[in-house]
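A quick write-up on the structure given underneath.
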Amino acid sequence: MSAAGNFHVAIIMDGNGRWAQRRGMPRSAGHVQGAKMVRRVVEASARAGIRTLTLYAFSADNWGRPSPEVDSLLRLLQCYLASETRRCLRNSVRINVIGRRDRLPASLVRAIEHSERLTAHCTRMRLRIAVDYSSKHSILEAARRASASGLSAQSFESLLAEVDHSAVESGPVDLLIRTGGEQRLSDFLLWDCAYAELYFTDVLWPDFGEAGLHAALEDFAGRQRRFGKVLAETA
Ligand code: FPP
């Protein structure tokens, strides 16, 4: 599906709060439903032949939400890792959590390391979950390390991967999906999305489903990717 043979889809899973509020439920109930949808979309992505799936689960700016919501999101992530690691193992899905770890609860960091260790040999699909993630922070930190060590621009991406705790360099994003009706990147994978095709849908994340994924993939299949060149040169 992608020129590099590593079809990379990234998703900004927006709309959990509104999904819950429309049903008279607390926002945290929307996140619980959102986590269920994560499981379904991970399985559908592996079936669709996606090689790398990066999900935006908790941004560095999300620390600014009310602390009960922050706590419930972090707990949900830990539960997800506890319940889904075995399933990922069975489906040969490698888990990798990207983003900062120094501000996360120690129990969550241990859960992350455990899931990453257990699935390190899996090859069917790479599932990257962005937690306490800020693209601007990662780029600045990689630049700081590069200037300290005098590295070449070519090595910058490996430094960026190191800053992000990315197990392997993920390659550029081919398709960026955002649910929930907003049309912005929200400090997500700014470097990696340089030539990503952008797909926005009004569907709220808990309603996205396999059908939502297929609609996005179908839309992507109709795009002409020129990478700044003209068509003859890209053929
Ligand atoms: C944005 O919706 C969503 C988030 C900030 C969190 C995303 C988290 C999940 C989908 C569940 C946990 C993730 C995993 C990987 C288990 P919002 O709350 O901003 O929605 P709103 O725009 O309707 O308020």
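Every chain in the structure tokens has a letter given in the order shown (A, B, ...), and although residue numbers restart at 1 in each chain, ligands are simply numbered from 1 in the order shown.
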Mind running chain A against ligand 1 at 6 Å and telling me each contacting residue's nearest atom pair with the distance in Å (one decimal), counting only C-alpha atoms and all ligand atoms, chain and number ascending, as a Markdown table?
```
| residue | atom | partner | partner_atom_place_in_ligand_line | distance |
| --- | --- | --- | --- | --- |
| A:Met13 | CA | ligand 1 | 3 (C) | 5.3 |
| A:Asp14 | CA | ligand 1 | 1 (C) | 3.8 |
| A:Gly15 | CA | ligand 1 | 23 (O) | 3.3 |
| A:Asn16 | CA | ligand 1 | 20 (O) | 4.1 |
| A:Gly17 | CA | ligand 1 | 23 (O) | 3.7 |
| A:Arg18 | CA | ligand 1 | 23 (O) | 3.5 |
| A:His31 | CA | ligand 1 | 11 (C) | 4.7 |
| A:Gly34 | CA | ligand 1 | 10 (C) | 4.0 |
| A:Ala35 | CA | ligand 1 | 11 (C) | 4.0 |
| A:Ala57 | CA | ligand 1 | 7 (C) | 4.2 |
| A:Phe58 | CA | ligand 1 | 5 (C) | 5.5 |
| A:Leu76 | CA | ligand 1 | 12 (C) | 5.8 |
| A:Leu77 | CA | ligand 1 | 16 (C) | 4.6 |
| A:Tyr80 | CA | ligand 1 | 16 (C) | 5.0 |
```
Dump N, CA, C and O atoms for the selected residues as a short mmCIF file (atom, residue, chain, number, x, y, z; two decimals), in the first residue's frame?
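Printed below is result_19.cif as written:
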```cif
data_model
loop_
_atom_site.label_atom_id
_atom_site.label_comp_id
_atom_site.auth_asym_id
_atom_site.auth_seq_id
_atom_site.Cartn_x
_atom_site.Cartn_y
_atom_site.Cartn_z
N MET A 13 -7.73 9.79 18.09
CA MET A 13 -9.01 9.17 18.46
C MET A 13 -9.83 10.19 19.25
O MET A 13 -9.88 10.16 20.46
N ASP A 14 -10.52 11.06 18.54
CA ASP A 14 -11.22 12.16 19.21
C ASP A 14 -12.71 11.88 19.29
O ASP A 14 -13.28 11.24 18.40
N GLY A 15 -13.33 12.40 20.36
CA GLY A 15 -14.79 12.35 20.45
C GLY A 15 -15.34 11.48 21.56
O GLY A 15 -16.57 11.34 21.68
N ASN A 16 -14.48 10.93 22.40
CA ASN A 16 -14.96 10.07 23.50
C ASN A 16 -15.87 10.86 24.44
O ASN A 16 -16.92 10.36 24.86
N GLY A 17 -15.43 12.07 24.81
CA GLY A 17 -16.18 12.88 25.77
C GLY A 17 -17.58 13.20 25.24
O GLY A 17 -18.58 13.03 25.94
N ARG A 18 -17.64 13.64 23.98
CA ARG A 18 -18.94 14.00 23.40
C ARG A 18 -19.85 12.78 23.26
O ARG A 18 -21.04 12.84 23.48
N HIS A 31 -14.34 7.27 27.46
CA HIS A 31 -12.98 6.73 27.29
C HIS A 31 -13.00 5.20 27.39
O HIS A 31 -12.25 4.52 26.67
N GLY A 34 -14.12 4.08 24.24
CA GLY A 34 -13.03 4.34 23.30
C GLY A 34 -11.98 3.24 23.36
O GLY A 34 -11.44 2.81 22.33
N ALA A 35 -11.69 2.77 24.56
CA ALA A 35 -10.69 1.71 24.71
C ALA A 35 -11.18 0.41 24.06
O ALA A 35 -10.40 -0.34 23.46
N ALA A 57 -3.12 8.29 22.39
CA ALA A 57 -3.94 7.94 23.56
C ALA A 57 -3.94 9.02 24.62
O ALA A 57 -4.92 9.21 25.32
N PHE A 58 -2.79 9.72 24.76
CA PHE A 58 -2.71 10.73 25.83
C PHE A 58 -1.62 11.73 25.45
O PHE A 58 -0.44 11.37 25.39
N LEU A 76 -6.95 3.33 32.49
CA LEU A 76 -7.49 2.63 31.33
C LEU A 76 -6.36 2.08 30.45
O LEU A 76 -6.42 0.96 29.94
N LEU A 77 -5.32 2.88 30.31
CA LEU A 77 -4.17 2.45 29.50
C LEU A 77 -3.52 1.22 30.14
O LEU A 77 -3.15 0.26 29.46
N TYR A 80 -5.68 -1.70 29.63
CA TYR A 80 -5.59 -2.14 28.23
C TYR A 80 -4.35 -3.01 28.05
O TYR A 80 -4.42 -4.09 27.46
#
```
- prompt: So which residues of segment 24-218 of chain A fall under helix (DSSP H, G or I) by DSSP, listed as a ChimeraX atom specification?
  reply: /A:27-47,60-64,67-90,106-118,135-149,153-164,205-207,209-218
- request: Show which residues sit within 12 Å of segment 115-123 of chain A, as a PyMOL selection string. Count only C-alpha atoms, and ignore same-chain residues fewer than 2 positions away.
  value: chain A and resi 6+46+49-52+77-98+108-113+125-129+165-168
I need the residues from that last selection saved to file as a PDB file, in the first residue's frame (with C-alpha atoms), if you can.
```pdb
ATOM      1  CA  ASN A   6       5.564  -0.303   5.588  1.00  0.00           C
ATOM      2  CA  ALA A  46      -3.880  -6.162  11.298  1.00  0.00           C
ATOM      3  CA  GLY A  49      -2.481  -5.377   6.232  1.00  0.00           C
ATOM      4  CA  ILE A  50      -1.473  -2.187   8.022  1.00  0.00           C
ATOM      5  CA  ARG A  51       2.127  -2.673   9.172  1.00  0.00           C
ATOM      6  CA  THR A  52       2.374   0.171  11.675  1.00  0.00           C
ATOM      7  CA  LEU A  77      -4.165   2.447  29.504  1.00  0.00           C
ATOM      8  CA  GLN A  78      -2.757   0.177  32.167  1.00  0.00           C
ATOM      9  CA  CYS A  79      -5.866  -2.065  32.008  1.00  0.00           C
ATOM     10  CA  TYR A  80      -5.589  -2.139  28.232  1.00  0.00           C
ATOM     11  CA  LEU A  81      -1.983  -3.306  28.404  1.00  0.00           C
ATOM     12  CA  ALA A  82      -2.867  -5.908  31.045  1.00  0.00           C
ATOM     13  CA  SER A  83      -5.779  -7.322  29.068  1.00  0.00           C
ATOM     14  CA  GLU A  84      -4.555  -6.935  25.488  1.00  0.00           C
ATOM     15  CA  THR A  85      -0.897  -7.940  25.596  1.00  0.00           C
ATOM     16  CA  ARG A  86      -1.725 -11.678  25.395  1.00  0.00           C
ATOM     17  CA  ARG A  87      -4.112 -11.065  22.510  1.00  0.00           C
ATOM     18  CA  CYS A  88      -1.445  -9.037  20.709  1.00  0.00           C
ATOM     19  CA  LEU A  89       1.023 -11.844  21.294  1.00  0.00           C
ATOM     20  CA  ARG A  90      -1.404 -14.355  19.757  1.00  0.00           C
ATOM     21  CA  ASN A  91      -1.900 -12.083  16.750  1.00  0.00           C
ATOM     22  CA  SER A  92       1.818 -11.296  16.450  1.00  0.00           C
ATOM     23  CA  VAL A  93       1.301  -7.587  17.146  1.00  0.00           C
ATOM     24  CA  ARG A  94       4.293  -5.786  18.632  1.00  0.00           C
ATOM     25  CA  ILE A  95       3.407  -3.182  21.249  1.00  0.00           C
ATOM     26  CA  ASN A  96       5.482  -0.022  21.629  1.00  0.00           C
ATOM     27  CA  VAL A  97       4.515   2.966  23.738  1.00  0.00           C
ATOM     28  CA  ILE A  98       5.985   6.233  22.481  1.00  0.00           C
ATOM     29  CA  LEU A 108       2.246   2.136  34.217  1.00  0.00           C
ATOM     30  CA  VAL A 109       5.901   2.300  33.149  1.00  0.00           C
ATOM     31  CA  ARG A 110       6.373  -1.264  34.430  1.00  0.00           C
ATOM     32  CA  ALA A 111       3.267  -2.391  32.486  1.00  0.00           C
ATOM     33  CA  ILE A 112       4.596  -0.705  29.331  1.00  0.00           C
ATOM     34  CA  GLU A 113       8.005  -2.350  29.664  1.00  0.00           C
ATOM     35  CA  MET A 125       1.946  -5.380  12.854  1.00  0.00           C
ATOM     36  CA  ARG A 126       3.523  -2.743  15.047  1.00  0.00           C
ATOM     37  CA  LEU A 127       1.070  -1.082  17.458  1.00  0.00           C
ATOM     38  CA  ARG A 128       2.473   2.194  18.750  1.00  0.00           C
ATOM     39  CA  ILE A 129       0.514   3.914  21.497  1.00  0.00           C
ATOM     40  CA  HIS A 165      11.171   5.356  23.068  1.00  0.00           C
ATOM     41  CA  SER A 166      10.323   4.069  19.608  1.00  0.00           C
ATOM     42  CA  ALA A 167      11.536   0.462  19.492  1.00  0.00           C
ATOM     43  CA  VAL A 168      12.467   0.832  15.837  1.00  0.00           C
TER      44      VAL A 168
END
```
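Taking only C-alpha atoms, the non-local environment of Asp187 of chain A within 8 Å (same-chain residues fewer than 5 positions away omitted) comprises Ser134, Ser135 and Lys136 of chain A.
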Non-local contacts of Gly180 of chain A (7 Å; only C-alpha atoms; under 6 positions in same chain excluded) as a count of residues only: 7
